[in-house]
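Accompanying notes for the structure given below.
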Amino acid sequence: MAIWGKIFGGVAGFAMGGPVGAALGAALGHAADKGTLLDPPAGGWSDRWAARARPDPNGAATFMAAKLAAALGKKEQLYGLTSIILCAKLAKCDAPVNRREINAFKARFRVPDENMREVGRLFDLARQRTDDYEAFARELGTAYAQDKQPLEDLMGVLFAIARADLAADDPLTKEETRFLQTVHALFGLSRGAWERAEQGRSRPAMAEKDAYVVMGVEASLSNEELRAHWKKLVRQYHPDVMASRQASPAEIAEASDRISRINAAWDMIKRDRGL
């Protein structure tokens with residue numbers, strides 16, 4: 001990914017500390033303590049945090065960086081920043097972060113050497129608290145509501161990190177499963193996207209939203225309505241039907257191509273809906 005320089009040259013500086021970041025973090029931490037921006041940790045503020053009188057300034061500043069990136073329309077910065085944060089929080093949610101999880105993160109993101117220090121620092125800050133990940137996932141899901149492919153890519157990375165310290169047949173921990181299910185829901189991804197991320201498979205050539213376009217229908221249709229519409233299209237464009245209508249060879253060839261695309265779209269929709 002070629003976005004790391006942009007991330008650490010702009011709004012992500014809030015997340016890395018410094019006088020402005022510390023002041024902003026303190027102010028936002030105060031808001032978080034009152035429940036006006038971020039929720040405090042499930043067990044309340046404790047000796048885990050740097051200052052009991054000033055709630056989690058690092059976490060609040062990091063969240064503000066994400067909010068600012070979203071507000072300014074800096075989707076690449078938001079994506080890179082939130083990816084690091086979610087990966088760190090997932091790695092820590094069930095146990096201390098281990099080397100295999102860190103290596104899995106590095107292997108999937110390929111951070112340039114000149115940015116590794118900053119990425120590592122943000123990773124370390126993000127893993128200090130793991131009960132606030134929903135706010136970051138929700139922000140990213142909203143920003144990419146019309147472009148799901150980067151979100152599915154990130155789900156694949158999260159699954160790779162979760163499985164990094166497991167044997168091939170070992171199940172994920174309940175904490176990791178809950179984390180992934182929540183992020184998947186906040187991203188607004190489909191069942192098919194979950195299965196591909198879980199199994200480490202690549203995205204299909206046709207995006208799921210495009211499958212409905214090929215079918216000429218809205219995604220809000222019921223399973224029964226979709227199946228009936230697919231049958232109607234097959235009857236309409238089947239080469240034998242076209243030939244019986246005295247269609248030209250060119251028209252029959254075009255209809256055959258369309259039937260192939262319709263069937264591919266229907267197959268994707270079926271997998272997505274578990275039909």
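For the structure tokens, the naming scheme is as follows: chains receive sequential letters (A, B, ...) according to their order of presentation, residues are indexed from 1 within each chain, and ligands are indexed from 1 in presentation order.
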I'd like the neighbourhood of stretch 171-180 of chain A as a short mmCIF file (atom, residue, chain, number, x, y, z; two decimals) with all heavy atoms, in the first residue's frame, where a residue qualifies if any of its atoms comes within 9 Å (using only C-alpha atoms), though same-chain residues fewer than 2 positions away should be ignored.
data_model
loop_
_atom_site.label_atom_id
_atom_site.label_comp_id
_atom_site.auth_asym_id
_atom_site.auth_seq_id
_atom_site.Cartn_x
_atom_site.Cartn_y
_atom_site.Cartn_z
N LEU A 90 -7.53 -6.16 17.57
CA LEU A 90 -7.87 -7.57 17.39
C LEU A 90 -6.78 -8.46 17.98
O LEU A 90 -7.06 -9.44 18.69
CB LEU A 90 -8.05 -7.89 15.91
CG LEU A 90 -8.19 -9.39 15.58
CD1 LEU A 90 -9.48 -9.95 16.16
CD2 LEU A 90 -8.12 -9.62 14.08
N ALA A 91 -5.52 -8.14 17.68
CA ALA A 91 -4.40 -8.95 18.18
C ALA A 91 -4.39 -9.01 19.70
O ALA A 91 -4.00 -10.03 20.29
CB ALA A 91 -3.09 -8.41 17.65
N CYS A 93 -7.17 -8.46 21.77
CA CYS A 93 -8.47 -8.63 22.42
C CYS A 93 -8.59 -9.92 23.22
O CYS A 93 -9.41 -9.99 24.14
CB CYS A 93 -9.59 -8.54 21.39
SG CYS A 93 -9.76 -9.97 20.29
N ASP A 94 -7.80 -10.94 22.90
CA ASP A 94 -7.93 -12.22 23.62
C ASP A 94 -6.71 -12.55 24.47
O ASP A 94 -6.79 -13.41 25.36
CB ASP A 94 -8.17 -13.36 22.63
CG ASP A 94 -7.01 -13.56 21.67
OD1 ASP A 94 -6.33 -12.57 21.34
OD2 ASP A 94 -6.80 -14.70 21.22
N TYR A 133 -13.15 -0.57 19.81
CA TYR A 133 -12.92 -0.79 18.39
C TYR A 133 -14.16 -0.52 17.53
O TYR A 133 -14.05 -0.19 16.35
CB TYR A 133 -12.44 -2.23 18.15
CG TYR A 133 -13.46 -3.30 18.42
CD1 TYR A 133 -14.30 -3.77 17.41
CD2 TYR A 133 -13.60 -3.85 19.69
CE1 TYR A 133 -15.23 -4.75 17.65
CE2 TYR A 133 -14.53 -4.82 19.94
CZ TYR A 133 -15.35 -5.27 18.93
OH TYR A 133 -16.29 -6.25 19.18
N GLU A 134 -15.34 -0.64 18.12
CA GLU A 134 -16.56 -0.46 17.33
C GLU A 134 -16.64 0.95 16.74
O GLU A 134 -17.12 1.13 15.61
CB GLU A 134 -17.79 -0.75 18.18
CG GLU A 134 -17.91 -2.21 18.59
CD GLU A 134 -19.16 -2.47 19.39
OE1 GLU A 134 -20.18 -1.80 19.15
OE2 GLU A 134 -19.14 -3.36 20.26
N MET A 155 -11.02 -7.13 6.17
CA MET A 155 -11.53 -8.31 6.88
C MET A 155 -10.61 -9.49 6.67
O MET A 155 -10.35 -10.27 7.60
CB MET A 155 -12.94 -8.66 6.41
CG MET A 155 -14.06 -7.82 6.96
SD MET A 155 -14.23 -7.88 8.78
CE MET A 155 -14.49 -9.65 9.05
N LEU A 158 -7.65 -9.05 8.94
CA LEU A 158 -8.01 -9.32 10.34
C LEU A 158 -8.10 -10.82 10.60
O LEU A 158 -7.63 -11.31 11.63
CB LEU A 158 -9.34 -8.64 10.67
CG LEU A 158 -9.30 -7.11 10.69
CD1 LEU A 158 -10.71 -6.54 10.84
CD2 LEU A 158 -8.41 -6.59 11.81
N PHE A 159 -8.68 -11.56 9.67
CA PHE A 159 -8.74 -13.02 9.84
C PHE A 159 -7.33 -13.61 9.83
O PHE A 159 -7.04 -14.54 10.61
CB PHE A 159 -9.58 -13.65 8.73
CG PHE A 159 -11.01 -13.89 9.11
CD1 PHE A 159 -12.00 -13.05 8.66
CD2 PHE A 159 -11.36 -14.95 9.93
CE1 PHE A 159 -13.33 -13.27 9.01
CE2 PHE A 159 -12.67 -15.18 10.29
CZ PHE A 159 -13.67 -14.34 9.82
N ALA A 162 -5.85 -13.03 13.21
CA ALA A 162 -6.49 -13.87 14.22
C ALA A 162 -6.00 -15.32 14.15
O ALA A 162 -5.88 -15.99 15.17
CB ALA A 162 -8.00 -13.81 14.05
N ARG A 163 -5.69 -15.79 12.95
CA ARG A 163 -5.27 -17.18 12.77
C ARG A 163 -3.76 -17.36 12.83
O ARG A 163 -3.26 -18.49 12.78
CB ARG A 163 -5.77 -17.71 11.43
CG ARG A 163 -7.29 -17.84 11.35
CD ARG A 163 -7.71 -18.68 10.15
NE ARG A 163 -9.15 -18.87 10.11
CZ ARG A 163 -9.82 -19.71 10.87
NH1 ARG A 163 -9.17 -20.45 11.76
NH2 ARG A 163 -11.12 -19.81 10.77
N LEU A 166 -2.51 -19.77 15.50
CA LEU A 166 -3.33 -20.97 15.68
C LEU A 166 -2.84 -22.08 14.75
O LEU A 166 -2.31 -21.81 13.67
CB LEU A 166 -4.80 -20.69 15.37
CG LEU A 166 -5.52 -19.65 16.25
CD1 LEU A 166 -6.93 -19.45 15.72
CD2 LEU A 166 -5.55 -20.10 17.70
N ALA A 167 -3.05 -23.32 15.17
CA ALA A 167 -2.83 -24.44 14.26
C ALA A 167 -3.94 -24.45 13.21
O ALA A 167 -4.97 -23.79 13.38
CB ALA A 167 -2.83 -25.76 15.05
N ALA A 168 -3.73 -25.19 12.15
CA ALA A 168 -4.64 -25.15 11.01
C ALA A 168 -6.09 -25.43 11.39
O ALA A 168 -7.01 -24.80 10.86
CB ALA A 168 -4.17 -26.15 9.95
N ASP A 169 -6.32 -26.37 12.30
CA ASP A 169 -7.69 -26.76 12.64
C ASP A 169 -8.20 -26.14 13.92
O ASP A 169 -9.32 -26.43 14.36
CB ASP A 169 -7.77 -28.30 12.76
CG ASP A 169 -7.45 -29.00 11.44
OD1 ASP A 169 -7.76 -28.42 10.39
OD2 ASP A 169 -6.88 -30.11 11.48
N THR A 182 -18.53 -8.40 14.86
CA THR A 182 -18.97 -7.03 15.06
C THR A 182 -18.45 -6.11 13.97
O THR A 182 -19.18 -5.29 13.41
CB THR A 182 -18.52 -6.52 16.44
OG1 THR A 182 -19.06 -7.36 17.46
CG2 THR A 182 -19.00 -5.09 16.67
N VAL A 183 -17.16 -6.25 13.64
CA VAL A 183 -16.57 -5.43 12.58
C VAL A 183 -17.26 -5.72 11.24
O VAL A 183 -17.58 -4.80 10.47
CB VAL A 183 -15.06 -5.68 12.48
CG1 VAL A 183 -14.48 -5.02 11.22
CG2 VAL A 183 -14.35 -5.15 13.72
N HIS A 184 -17.49 -6.99 10.96
CA HIS A 184 -18.18 -7.38 9.72
C HIS A 184 -19.54 -6.70 9.62
O HIS A 184 -19.92 -6.17 8.57
CB HIS A 184 -18.31 -8.90 9.70
CG HIS A 184 -19.13 -9.42 8.54
ND1 HIS A 184 -20.46 -9.72 8.64
CD2 HIS A 184 -18.78 -9.67 7.25
CE1 HIS A 184 -20.90 -10.15 7.48
NE2 HIS A 184 -19.91 -10.13 6.62
N ALA A 185 -20.28 -6.68 10.72
CA ALA A 185 -21.61 -6.05 10.72
C ALA A 185 -21.50 -4.54 10.54
O ALA A 185 -22.26 -3.93 9.78
CB ALA A 185 -22.34 -6.39 12.01
#
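Among the candidates A:Asn98, A:Thr82, A:Ser248, A:Thr142, the residue lying nearest to A:Val119 is A:Thr82 (atoms considered: only C-alpha atoms).
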Members of stretch 74-263 of chain A assigned helix (DSSP H, G or I) by DSSP, as a ChimeraX atom specification
/A:75-92,99-109,113-126,133-143,149-163,174-187,191-199,208-215,223-237,239-244,249-263
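By only C-alpha atoms, and with residues fewer than 6 positions from A:Tyr212 along its chain excluded, the set lying at most 12 Å from it is A:Met206, A:Glu218, A:Ala219, A:Ser220, A:Leu221, A:Leu226, A:His229, A:Trp230, A:Arg261, A:Ile262, A:Asn263, A:Ala264, A:Ala265, A:Trp266, A:Asp267, A:Met268, A:Ile269, A:Lys270, A:Asp272.
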Selection above as a file: N, CA, C and O atoms, as a compact mmCIF listing (two decimals), in the first residue's frame:
# COMPACT_ATOMS: atom_id res chain seq x y z
N MET A 206 -16.65 -10.28 -10.20
CA MET A 206 -17.81 -9.38 -10.20
C MET A 206 -18.11 -8.97 -8.77
O MET A 206 -18.24 -9.81 -7.88
N GLU A 218 -33.25 -4.56 -7.57
CA GLU A 218 -32.75 -3.98 -6.34
C GLU A 218 -32.37 -5.09 -5.36
O GLU A 218 -32.98 -6.16 -5.36
N ALA A 219 -31.40 -4.82 -4.52
CA ALA A 219 -30.97 -5.81 -3.53
C ALA A 219 -32.02 -6.07 -2.47
O ALA A 219 -31.92 -7.03 -1.71
N SER A 220 -33.04 -5.22 -2.40
CA SER A 220 -34.08 -5.36 -1.39
C SER A 220 -35.10 -6.45 -1.72
O SER A 220 -35.92 -6.82 -0.87
N LEU A 221 -35.05 -7.02 -2.92
CA LEU A 221 -35.99 -8.06 -3.29
C LEU A 221 -35.81 -9.30 -2.43
O LEU A 221 -34.70 -9.61 -1.98
N LEU A 226 -36.28 -12.79 -6.35
CA LEU A 226 -35.06 -12.86 -7.14
C LEU A 226 -35.02 -14.13 -7.98
O LEU A 226 -34.63 -14.10 -9.17
N HIS A 229 -37.32 -13.78 -10.88
CA HIS A 229 -36.78 -12.86 -11.88
C HIS A 229 -35.67 -13.52 -12.69
O HIS A 229 -35.58 -13.33 -13.91
N TRP A 230 -34.83 -14.29 -12.02
CA TRP A 230 -33.75 -15.00 -12.73
C TRP A 230 -34.34 -15.97 -13.76
O TRP A 230 -33.88 -16.01 -14.91
N ARG A 261 -23.60 -13.96 -18.08
CA ARG A 261 -23.44 -12.95 -17.04
C ARG A 261 -24.58 -13.00 -16.04
O ARG A 261 -24.36 -12.81 -14.83
N ILE A 262 -25.78 -13.28 -16.50
CA ILE A 262 -26.94 -13.39 -15.60
C ILE A 262 -26.75 -14.57 -14.66
O ILE A 262 -26.99 -14.47 -13.45
N ASN A 263 -26.31 -15.71 -15.18
CA ASN A 263 -26.11 -16.90 -14.34
C ASN A 263 -24.98 -16.68 -13.33
O ASN A 263 -25.06 -17.12 -12.19
N ALA A 264 -23.91 -15.98 -13.78
CA ALA A 264 -22.82 -15.69 -12.85
C ALA A 264 -23.30 -14.77 -11.73
O ALA A 264 -22.94 -14.95 -10.56
N ALA A 265 -24.12 -13.78 -12.09
CA ALA A 265 -24.67 -12.87 -11.09
C ALA A 265 -25.57 -13.62 -10.12
O ALA A 265 -25.53 -13.41 -8.90
N TRP A 266 -26.42 -14.50 -10.65
CA TRP A 266 -27.32 -15.27 -9.80
C TRP A 266 -26.55 -16.19 -8.86
O TRP A 266 -26.89 -16.33 -7.69
N ASP A 267 -25.49 -16.81 -9.35
CA ASP A 267 -24.65 -17.66 -8.50
C ASP A 267 -24.05 -16.86 -7.35
O ASP A 267 -23.99 -17.33 -6.20
N MET A 268 -23.60 -15.64 -7.65
CA MET A 268 -23.01 -14.81 -6.59
C MET A 268 -24.07 -14.42 -5.56
O MET A 268 -23.82 -14.46 -4.35
N ILE A 269 -25.24 -14.05 -6.02
CA ILE A 269 -26.31 -13.67 -5.11
C ILE A 269 -26.70 -14.86 -4.24
O ILE A 269 -26.94 -14.70 -3.02
N LYS A 270 -26.75 -16.03 -4.82
CA LYS A 270 -27.10 -17.23 -4.03
C LYS A 270 -26.06 -17.48 -2.94
O LYS A 270 -26.41 -17.79 -1.79
N ASP A 272 -24.08 -15.27 -1.64
CA ASP A 272 -24.18 -14.17 -0.70
C ASP A 272 -25.32 -14.37 0.29
O ASP A 272 -25.20 -14.07 1.47
Measuring atom to atom with only C-alpha atoms, identify which of A:His238, A:Arg110, A:Arg271, A:Ala243 is nearest to A:Ile259.
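Closest residue, counting only C-alpha atoms: A:His238.
Closest approach to A:Leu81 from the set A:Ala107, A:Ala126, A:Val217, A:Leu233 is made by A:Ala126, with distances taken over only C-alpha atoms.
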Kindly indicate which residue among A:Met242, A:Leu189, A:Met116, A:Ile252 lies nearest to A:Gln146, using only C-alpha atoms for the distances.
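Counting only C-alpha atoms, the residue closest to A:Gln146 is A:Leu189.
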Suppose you want the space between atom CA of A:Gly80 and atom CA of A:Glu118; what is it in Å?
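Between atom CA of A:Gly80 and atom CA of A:Glu118 the gap works out to 12.2 Å.
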May I ask for the distance between atom CA of A:Val111 and atom CA of A:Trp194, given in Å to one decimal place?
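So the answer is 25.3 Å.
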Which distance in Å separates atom CA of A:Gln77 and atom CA of A:Ala143, to one decimal?
11.3 Å
Tell me which of A:Arg100, A:Gln236, A:Leu86, A:Asp170 sits closest to A:Ala135, counting only C-alpha atoms.
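Of A:Arg100, A:Gln236, A:Leu86, A:Asp170, the one nearest A:Ala135, counting only C-alpha atoms, is A:Leu86.
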